[in-house]
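Colleague: Take this structure, written in C-alpha cells, and hold onto it; I'll ask about it next.
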Amino acid sequence: MTRPPQILIVEDEILIAMDLEDMVAEMGGTAIASAYNIQTAIRLAESIEADAAILDVDVAGQLVFPVADILAARGIPFLFNTGHSAEDVLRARYQSAPICRKPTLPRQLKMALQQLLHSQRDPSGAGGALPA
C-alpha cells in the first residue's frame with residue numbers, strides 16, 4: 001500500500017490555506033504542513049520530507065523565492081498558487097513550476113499537482129500520484 005502524497009503549503013491567508021488543505025485531502029493527498037510566513041516556510045523547506053509544495057508568491061509581503069530555491073535544490077517539485085502579476089518573472093526563474101492563478105479551480109490544482117507528482121515518481125513506483 002502506498003502512502004498518500006505529502007504536500008507542503010505556503011500561504012499567508014489562513015482561509016486560503018485551509019481551502020488548499022481541504023482540496024489536497026479531497027484529492028487523496030495529505031497537507032503535512034502549512035506555513036503562514038517566510039521564516040517558517042524556509043525552516044520547513046529545509047527539513048520536511050514532502051512530495052510537492054504549493055507556494056503563494058507573496059507571503060505576508062515577502063517573496064517566496066528563498067523557499068522555492070531550497071525546494072528546488074532538494075528536488076522537491078512545487079507549483080505557484082498566486083494572484084501575483086509577474087508571471088514572466090516566475091517563468092524565467094522557475095521554468096518547470098506550474099502557475100495556478102487565484103482563485104484556483106480545484107481541477108486546475110489537481111492537474112498541476114498530478115503533473116508534479118508524476119514528474120518525481122520514484123523508480124519503485126511508490127512515489128505519490130494522486131488518484132484520478
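Just so we're on the same page: first chain in the C-alpha cells is A, next is B, and so on; residues restart at 1 for each chain, and ligands are numbered from 1 in the order they show up.
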Please give the complete set of residues from chain A that DSSP, run on the backbone, assigns to alpha helix (DSSP H), formatted as a VMD selection string.
Modeller: chain A and resid 14 to 26 38 to 47 65 to 74 87 to 93 106 to 119
Colleague: Kindly provide the residues of stretch 9-61 of chain A that approach stretch 84-91 of chain A to within 12 Å, each paired with its closest atom pair and their distance in Å to one decimal, based on only C-alpha atoms, listed by chain and increasing number, as a tab-separated table.
Modeller:
```
residue	atom	partner	partner_atom	distance
A:Leu55	CA	A:His84	CA	11.4
A:Asp56	CA	A:His84	CA	8.4
A:Val57	CA	A:His84	CA	6.5
A:Asp58	CA	A:His84	CA	7.1
A:Val59	CA	A:His84	CA	10.6
A:Gly61	CA	A:His84	CA	11.4
```
Colleague: I'd like the neighbourhood of A:Pro98 as a list in words, where a residue qualifies if any of its atoms comes within 7 Å (using only C-alpha atoms), though same-chain residues fewer than 5 positions away should be ignored.
Modeller: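 Within the cut-off, the hits are Leu79, Phe80 and Ala112 of chain A.
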Colleague: Which one of A:Gln39, A:Gln95, A:Val67, A:Asn81 sits closest to A:Gln108 if you count only C-alpha atoms?
Modeller: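 The answer is A:Asn81, which sits nearest to A:Gln108.
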Colleague: Closest to A:Glu46 among A:Ala33, A:Leu63, A:Ala73, A:Pro106, using only C-alpha atoms?
Modeller: A:Ala73
Colleague: Go ahead and compute the interatomic distance for atom CA of A:Leu113 and atom CA of A:Ala50, in Å to one decimal.
Modeller: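 Distance between the two atoms: 12.5 Å.
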Colleague: Contacts of A:Leu44 at 12 Å or less, counting only C-alpha atoms, minus same-chain residues fewer than 2 places along, as JSON, numbers by chain?
Modeller: {"A": [7, 8, 9, 10, 32, 33, 34, 35, 36, 37, 38, 39, 40, 41, 42, 46, 47, 48, 49, 50, 53, 66, 67, 68, 70, 71, 74, 76]}
Colleague: Given the selection you just returned, output its residues as a file containing N, CA, C and O atoms, formatted as a compact mmCIF listing (two decimals), in the first residue's frame.
Modeller:
```
# COMPACT_ATOMS: atom_id res chain seq x y z
N ILE A 7 2.10 16.96 0.95
CA ILE A 7 2.17 18.27 0.32
C ILE A 7 2.42 19.36 1.36
O ILE A 7 1.71 19.45 2.36
N LEU A 8 3.40 20.21 1.09
CA LEU A 8 3.69 21.40 1.90
C LEU A 8 2.92 22.56 1.30
O LEU A 8 2.93 22.76 0.08
N ILE A 9 2.27 23.35 2.15
CA ILE A 9 1.53 24.53 1.69
C ILE A 9 2.15 25.77 2.32
O ILE A 9 2.33 25.83 3.54
N VAL A 10 2.46 26.75 1.48
CA VAL A 10 2.96 28.04 1.95
C VAL A 10 1.98 29.10 1.47
O VAL A 10 1.89 29.41 0.28
N ILE A 32 0.94 18.04 4.84
CA ILE A 32 1.74 17.69 6.01
C ILE A 32 2.15 18.89 6.84
O ILE A 32 2.47 18.75 8.01
N ALA A 33 2.14 20.08 6.22
CA ALA A 33 2.46 21.29 6.97
C ALA A 33 1.99 22.50 6.17
O ALA A 33 1.96 22.46 4.94
N SER A 34 1.63 23.54 6.90
CA SER A 34 1.29 24.82 6.29
C SER A 34 2.11 25.90 6.96
O SER A 34 2.24 25.92 8.18
N ALA A 35 2.68 26.77 6.15
CA ALA A 35 3.47 27.89 6.66
C ALA A 35 2.77 29.18 6.27
O ALA A 35 2.35 29.35 5.13
N TYR A 36 2.66 30.09 7.23
CA TYR A 36 1.97 31.36 7.01
C TYR A 36 2.94 32.53 6.91
O TYR A 36 2.52 33.66 6.71
N ASN A 37 4.26 32.25 7.06
CA ASN A 37 5.27 33.30 6.90
C ASN A 37 6.54 32.68 6.30
O ASN A 37 6.71 31.46 6.32
N ILE A 38 7.40 33.52 5.78
CA ILE A 38 8.60 33.04 5.08
C ILE A 38 9.56 32.32 6.02
O ILE A 38 10.15 31.30 5.64
N GLN A 39 9.73 32.81 7.24
CA GLN A 39 10.66 32.18 8.16
C GLN A 39 10.27 30.73 8.43
O GLN A 39 11.11 29.83 8.39
N THR A 40 9.02 30.49 8.72
CA THR A 40 8.54 29.13 8.95
C THR A 40 8.66 28.31 7.67
O THR A 40 9.07 27.14 7.71
N ALA A 41 8.32 28.90 6.55
CA ALA A 41 8.39 28.19 5.27
C ALA A 41 9.82 27.76 4.96
O ALA A 41 10.05 26.64 4.48
N ILE A 42 10.79 28.62 5.23
CA ILE A 42 12.20 28.27 5.00
C ILE A 42 12.60 27.10 5.89
O ILE A 42 13.22 26.14 5.42
N GLU A 46 13.64 23.36 4.41
CA GLU A 46 14.96 22.76 4.69
C GLU A 46 14.87 21.38 5.31
O GLU A 46 15.79 20.59 5.18
N SER A 47 13.75 21.09 5.99
CA SER A 47 13.72 19.87 6.80
C SER A 47 12.61 18.88 6.46
O SER A 47 12.75 17.69 6.76
N ILE A 48 11.54 19.32 5.88
CA ILE A 48 10.38 18.46 5.70
C ILE A 48 10.58 17.47 4.56
O ILE A 48 11.29 17.75 3.60
N GLU A 49 9.99 16.30 4.69
CA GLU A 49 10.00 15.30 3.62
C GLU A 49 8.65 15.39 2.91
O GLU A 49 7.69 14.76 3.32
N ALA A 50 8.61 16.19 1.86
CA ALA A 50 7.38 16.40 1.11
C ALA A 50 7.55 15.86 -0.30
O ALA A 50 8.67 15.79 -0.82
N ALA A 53 5.03 20.84 -3.19
CA ALA A 53 4.61 22.01 -2.40
C ALA A 53 3.76 22.94 -3.25
O ALA A 53 3.93 23.02 -4.47
N PRO A 66 13.16 32.41 -1.75
CA PRO A 66 14.11 31.60 -0.97
C PRO A 66 13.58 30.19 -0.67
O PRO A 66 14.34 29.22 -0.68
N VAL A 67 12.30 30.08 -0.45
CA VAL A 67 11.67 28.78 -0.19
C VAL A 67 11.71 27.93 -1.45
O VAL A 67 12.10 26.75 -1.42
N ALA A 68 11.34 28.53 -2.57
CA ALA A 68 11.35 27.81 -3.85
C ALA A 68 12.76 27.34 -4.19
O ALA A 68 12.95 26.21 -4.67
N ILE A 70 15.19 26.57 -2.08
CA ILE A 70 15.53 25.44 -1.20
C ILE A 70 14.85 24.17 -1.69
O ILE A 70 15.48 23.11 -1.79
N LEU A 71 13.57 24.27 -2.02
CA LEU A 71 12.84 23.10 -2.51
C LEU A 71 13.46 22.59 -3.80
O LEU A 71 13.65 21.37 -3.97
N ARG A 74 16.57 20.69 -3.20
CA ARG A 74 16.30 19.39 -2.57
C ARG A 74 15.56 18.44 -3.51
O ARG A 74 15.28 17.31 -3.14
N ILE A 76 12.43 18.81 -4.55
CA ILE A 76 11.00 18.76 -4.22
C ILE A 76 10.27 19.69 -5.19
O ILE A 76 10.49 20.90 -5.18
```
Colleague: Can you tell me how far atom CA of A:Met23 sits from atom CA of A:Val64, in Å to one decimal?
Modeller: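 Computing the Euclidean distance for atom CA of A:Met23 and atom CA of A:Val64 yields 21.4 Å.
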Colleague: With only C-alpha atoms as the atoms that count, which of A:Ala52, A:Met27, A:Ala92, A:Cys100 lies nearest to A:Leu117?
Modeller: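 The shortest atom-to-atom distance to A:Leu117 comes from A:Ala52.
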Colleague: DSSP on the backbone, strand (DSSP E or B) only: what residues of stretch 38-95 of chain A does that give? Format it as a count of residues only.
Modeller: 13
Colleague: Rounded to one decimal in Å, what is the spacing between atom CA of A:Ile14 and atom CA of A:Ser119?
Modeller: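 Taking atom CA of A:Ile14 as the start and atom CA of A:Ser119 as the end point, the length is 28.8 Å.
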